[in-house]
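What follows is one structure encoded as structure tokens, with my remarks underneath.
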Amino acid sequence: MSINRRQFLKIAGISTVLGVGGAPVINWLRNDCLEASHVLTDEKALTGKHWAMVIDMSKFETEEDYRRVIQACHSIHNVPNFDNPKDSIKWIWADTYEHTFPGQENEYIPEEVRHKPFLLLCNHCENPPCVRVCPTKATFKRKDGIVMMDQHRCIGCRFCMAACPFGARSFNYKDPRPFIKEENKEYPTRTIGVVEKCTFCFERLSKGLIPACVEESQKAAKEAGKEPGMFFGDLEDPSSEVRKVLGTRYSIRRKPELGTQPSVFYIIGGGKNA
Amino acid sequence: MKLLNNWRDSAVRDGSRLYVNTEGKAYTISLQNTCMHCHSNKKKFCDECHTYMAVNPYCWNCHIAPKEKET
């Protein structure tokens, strides 16, 4: 079929009009109707550039103060309770001054400090040796400063345990399941042959909640009408709670000479002049 | 499995826990708290294919499987 000049111009004209009108239509489809699936961070999530914690040891007086905080963490994270201390799994625990700040002890420090248990957890170092040695990148550093573990990739080589100068990592020598009193169905357990540690409650941060230990300590303080003993916030944010506390009270960190730059700060307290 | 792998990576590695599908519906990324709430029958949803393929994924060594209602 041949086509004359008039018919050709008609077809060309219609095609042009459709073509011009077509672009917005395609764009509209792309933006509103044909959007691909994607992944987002929850709007409620707490975001920071360098999460840190301050522990004011002068606010921890009775055994109950320690127990409540430790219990809050261990119950929601399904941390097992082994009788043999060699098998024990620690996310947050207590130890003596001598073991917490080795090299800082002397004969003349106050008795109450010398015998006080100090609350310990993963320091979420700025320069974490555990991350450097992990051969599978199961341990890695998040953008917000959390030293995180991907249990799926942990092969249980325990290099990280050897590298961590703070003893913050525990190995599952046995299946932990039978030793968990009450499982929290919203959080996984671990399995035999993996290393675990505190994660600064990354799963709670993503829901807009502060870490469980800090929340519990602040709750306990409120009930007793006292000042809280633990603070959590963003070190890079000058108006954050941790920066306010660190800016007004003298604090120390564990083993600063190693240069790992811990993100957990301790206020020792002990009287008016401290 | 592909979806689970992608979800795991974005939740654990990137900390992004909200999945928005093509219809714009949002889901929290979590095996225990999202997937298994609807696909609550592990025997049908997981084991049937795994048994057929003779594979033994170790998801449930750590993740807590939902209680079976009926088989």
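To be explicit about the labels: the chains of the structure tokens are called A, B, and onward in the order shown, and within each one the residues are counted from 1, while ligands get numbers from 1 in the order they are shown.
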Residue neighbourhood Val194 (chain A), 8 Å, only C-alpha atoms, exclusion window fewer than 4 positions, as number ranges by chain: A: 151, 154-156, 171-172, 190
Interface rows for chain B against chain A: nearest pair, Å to one decimal, 10 Å, only C-alpha atoms, as a Markdown table:
| residue | atom | partner | partner_atom | distance |
| --- | --- | --- | --- | --- |
| B:Asn6 | CA | A:Val39 | CA | 9.8 |
| B:Trp7 | CA | A:Val39 | CA | 8.6 |
| B:Arg8 | CA | A:His152 | CA | 9.1 |
| B:Asp9 | CA | A:Asp150 | CA | 9.1 |
| B:Ser10 | CA | A:Val39 | CA | 7.6 |
| B:Ala11 | CA | A:Glu203 | CA | 9.1 |
| B:Val12 | CA | A:Asp150 | CA | 6.4 |
| B:Arg13 | CA | A:Asp150 | CA | 7.5 |
| B:Asp14 | CA | A:Arg142 | CA | 7.6 |
| B:Gly15 | CA | A:Thr41 | CA | 7.1 |
| B:Ser16 | CA | A:Thr41 | CA | 4.3 |
| B:Arg17 | CA | A:Thr41 | CA | 5.6 |
| B:Leu18 | CA | A:Leu40 | CA | 4.9 |
| B:Tyr19 | CA | A:Val39 | CA | 4.4 |
| B:Val20 | CA | A:His38 | CA | 5.3 |
| B:Asn21 | CA | A:Ser37 | CA | 4.2 |
| B:Thr22 | CA | A:Ser37 | CA | 4.6 |
| B:Glu23 | CA | A:Glu35 | CA | 7.8 |
| B:Gly24 | CA | A:Ser37 | CA | 7.6 |
| B:Lys25 | CA | A:Ser37 | CA | 9.2 |
| B:Ala26 | CA | A:Val39 | CA | 9.0 |
| B:Tyr27 | CA | A:Val39 | CA | 9.4 |
| B:Thr28 | CA | A:Asp42 | CA | 8.5 |
| B:Ile29 | CA | A:Val39 | CA | 9.0 |
| B:Ser30 | CA | A:Glu186 | CA | 9.0 |
| B:Leu31 | CA | A:Glu186 | CA | 9.4 |
| B:Gln32 | CA | A:Glu186 | CA | 6.3 |
| B:Asn33 | CA | A:Glu186 | CA | 6.0 |
| B:Thr34 | CA | A:Glu186 | CA | 9.8 |
| B:Tyr58 | CA | A:Thr191 | CA | 9.5 |
| B:Cys59 | CA | A:His152 | CA | 8.8 |
| B:Trp60 | CA | A:Pro188 | CA | 8.9 |
| B:Asn61 | CA | A:Thr191 | CA | 5.8 |
| B:Cys62 | CA | A:Thr189 | CA | 4.7 |
| B:His63 | CA | A:Pro188 | CA | 4.4 |
| B:Ile64 | CA | A:Pro188 | CA | 5.9 |
| B:Ala65 | CA | A:Lys185 | CA | 8.5 |
| B:Pro66 | CA | A:Lys185 | CA | 8.4 |
Point-to-point distance in Å for CA of Gly145 (chain A) and CA of His124 (chain A):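 Separating CA of His124 (chain A) from CA of Gly145 (chain A) is a distance of 6.9 Å.
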Separation of CA of Pro117 (chain A) from CA of Cys198 (chain A), in Å and rounded to one decimal: 18.8 Å
Those of region 10-177 of chain A in DSSP alpha helix (DSSP H), formatted as number ranges by chain: A: 10-28, 63-76, 97-100, 111-114, 129-133, 159-163
Just N, CA and C atoms for this one: save the residues we selected as a short mmCIF file (atom, residue, chain, number, x, y, z; two decimals), in the first residue's frame.
data_model
loop_
_atom_site.label_atom_id
_atom_site.label_comp_id
_atom_site.auth_asym_id
_atom_site.auth_seq_id
_atom_site.Cartn_x
_atom_site.Cartn_y
_atom_site.Cartn_z
N LYS A 10 -0.18 13.52 8.26
CA LYS A 10 -1.16 13.25 9.34
C LYS A 10 -0.57 12.30 10.38
N ILE A 11 -0.02 11.19 9.90
CA ILE A 11 0.54 10.19 10.81
C ILE A 11 1.71 10.77 11.61
N ALA A 12 2.57 11.52 10.90
CA ALA A 12 3.73 12.12 11.57
C ALA A 12 3.27 13.07 12.67
N GLY A 13 2.24 13.86 12.36
CA GLY A 13 1.73 14.83 13.35
C GLY A 13 1.18 14.14 14.58
N ILE A 14 0.36 13.14 14.37
CA ILE A 14 -0.24 12.42 15.51
C ILE A 14 0.84 11.77 16.38
N SER A 15 1.83 11.16 15.69
CA SER A 15 2.92 10.52 16.44
C SER A 15 3.65 11.52 17.32
N THR A 16 3.90 12.72 16.77
CA THR A 16 4.61 13.74 17.54
C THR A 16 3.82 14.13 18.79
N VAL A 17 2.52 14.36 18.59
CA VAL A 17 1.68 14.75 19.74
C VAL A 17 1.70 13.66 20.81
N LEU A 18 1.57 12.41 20.36
CA LEU A 18 1.59 11.31 21.32
C LEU A 18 2.94 11.21 22.04
N GLY A 19 3.99 11.44 21.25
CA GLY A 19 5.33 11.36 21.82
C GLY A 19 5.55 12.39 22.90
N VAL A 20 5.11 13.63 22.64
CA VAL A 20 5.28 14.70 23.62
C VAL A 20 4.46 14.41 24.87
N GLY A 21 3.23 13.95 24.62
CA GLY A 21 2.37 13.63 25.76
C GLY A 21 2.81 12.38 26.48
N GLY A 22 3.60 11.55 25.77
CA GLY A 22 3.99 10.26 26.35
C GLY A 22 4.97 10.38 27.49
N ALA A 23 5.90 11.33 27.38
CA ALA A 23 6.94 11.43 28.40
C ALA A 23 6.38 11.64 29.81
N PRO A 24 5.48 12.62 30.00
CA PRO A 24 4.92 12.79 31.35
C PRO A 24 4.17 11.55 31.83
N VAL A 25 3.52 10.89 30.89
CA VAL A 25 2.76 9.69 31.29
C VAL A 25 3.72 8.62 31.83
N ILE A 26 4.83 8.44 31.10
CA ILE A 26 5.80 7.43 31.54
C ILE A 26 6.39 7.81 32.89
N ASN A 27 6.70 9.11 33.04
CA ASN A 27 7.25 9.58 34.33
C ASN A 27 6.27 9.35 35.46
N TRP A 28 5.01 9.63 35.20
CA TRP A 28 3.99 9.47 36.23
C TRP A 28 3.89 8.01 36.66
N GLU A 63 23.46 -4.09 95.69
CA GLU A 63 23.56 -5.19 94.73
C GLU A 63 22.37 -5.18 93.78
N GLU A 64 21.24 -4.76 94.32
CA GLU A 64 20.02 -4.72 93.54
C GLU A 64 20.16 -3.77 92.34
N ASP A 65 20.88 -2.66 92.53
CA ASP A 65 21.08 -1.70 91.44
C ASP A 65 21.76 -2.35 90.25
N TYR A 66 22.77 -3.17 90.56
CA TYR A 66 23.49 -3.87 89.49
C TYR A 66 22.61 -4.95 88.87
N ARG A 67 21.96 -5.72 89.76
CA ARG A 67 21.19 -6.87 89.30
C ARG A 67 20.09 -6.45 88.32
N ARG A 68 19.41 -5.34 88.66
CA ARG A 68 18.31 -4.89 87.82
C ARG A 68 18.77 -4.55 86.41
N VAL A 69 19.90 -3.84 86.33
CA VAL A 69 20.41 -3.41 85.03
C VAL A 69 20.87 -4.62 84.21
N ILE A 70 21.59 -5.53 84.87
CA ILE A 70 22.10 -6.71 84.17
C ILE A 70 20.94 -7.59 83.71
N GLN A 71 19.97 -7.74 84.60
CA GLN A 71 18.80 -8.58 84.31
C GLN A 71 18.02 -8.02 83.11
N ALA A 72 17.88 -6.69 83.07
CA ALA A 72 17.12 -6.06 81.98
C ALA A 72 17.74 -6.42 80.64
N CYS A 73 19.06 -6.38 80.58
CA CYS A 73 19.75 -6.70 79.31
C CYS A 73 19.66 -8.19 79.02
N HIS A 74 20.04 -8.99 79.99
CA HIS A 74 20.17 -10.43 79.73
C HIS A 74 18.82 -11.10 79.45
N SER A 75 17.75 -10.57 80.01
CA SER A 75 16.46 -11.22 79.76
C SER A 75 15.96 -10.91 78.36
N ILE A 76 16.13 -9.69 77.87
CA ILE A 76 15.59 -9.43 76.52
C ILE A 76 16.50 -9.96 75.42
N TYR A 97 37.55 -2.76 90.73
CA TYR A 97 38.27 -1.59 90.24
C TYR A 97 39.60 -2.01 89.61
N GLU A 98 40.29 -2.91 90.32
CA GLU A 98 41.60 -3.37 89.89
C GLU A 98 41.55 -3.97 88.47
N HIS A 99 40.49 -4.74 88.21
CA HIS A 99 40.37 -5.36 86.90
C HIS A 99 39.81 -4.42 85.86
N THR A 100 39.06 -3.42 86.32
CA THR A 100 38.44 -2.49 85.38
C THR A 100 39.45 -1.47 84.87
N GLU A 111 38.57 3.04 100.15
CA GLU A 111 38.14 1.65 100.30
C GLU A 111 36.89 1.37 99.48
N GLU A 112 35.96 2.35 99.50
CA GLU A 112 34.68 2.11 98.82
C GLU A 112 34.88 1.96 97.31
N VAL A 113 35.88 2.64 96.76
CA VAL A 113 36.15 2.50 95.34
C VAL A 113 36.86 1.19 95.06
N ARG A 114 37.81 0.86 95.93
CA ARG A 114 38.60 -0.36 95.74
C ARG A 114 37.70 -1.60 95.71
N PRO A 129 39.87 -3.28 67.89
CA PRO A 129 40.77 -4.35 67.46
C PRO A 129 40.02 -5.61 67.04
N CYS A 130 38.83 -5.85 67.61
CA CYS A 130 38.08 -7.05 67.25
C CYS A 130 37.66 -7.02 65.79
N VAL A 131 37.33 -5.81 65.29
CA VAL A 131 36.91 -5.67 63.89
C VAL A 131 38.10 -5.93 62.97
N ARG A 132 39.27 -5.44 63.40
CA ARG A 132 40.46 -5.58 62.57
C ARG A 132 40.82 -7.06 62.37
N VAL A 133 40.65 -7.87 63.41
CA VAL A 133 41.11 -9.25 63.30
C VAL A 133 40.08 -10.21 62.73
N PHE A 159 39.32 -15.09 67.30
CA PHE A 159 40.37 -14.07 67.18
C PHE A 159 39.93 -12.81 67.92
N CYS A 160 38.64 -12.47 67.79
CA CYS A 160 38.14 -11.23 68.38
C CYS A 160 38.26 -11.27 69.90
N MET A 161 38.08 -12.47 70.47
CA MET A 161 38.18 -12.57 71.93
C MET A 161 39.62 -12.34 72.37
N ALA A 162 40.56 -12.82 71.55
CA ALA A 162 41.96 -12.60 71.87
C ALA A 162 42.32 -11.13 71.68
N ALA A 163 41.69 -10.49 70.71
CA ALA A 163 42.04 -9.11 70.39
C ALA A 163 41.43 -8.11 71.36
#
Distance query Val264 (chain A) at most 10 Å, only C-alpha atoms, self and fewer than 2 positions along chain excluded, as a list in words: Trp51, Ala52, Met53, Val54, Ile55, Leu120, Leu121, Cys122, Asn123, His124, Cys125, Phe231, Phe232, Ser251, Ile252, Arg253, Arg254, Gln261, Pro262 and Tyr266 of chain A
Exercise: Phe45 (chain B) partners within 12 Å, only C-alpha atoms, chain neighbours under 3 positions left out, as number ranges by chain: B: 1, 35-42, 48-51, 65-66, 68, 71
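A straight line drawn from CA of Ser88 (chain A) to CA of Leu119 (chain A) is 16.2 Å long.
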Those of chain B in DSSP strand (DSSP E), formatted as a PyMOL selection string: chain B and resi 18-20+26-28
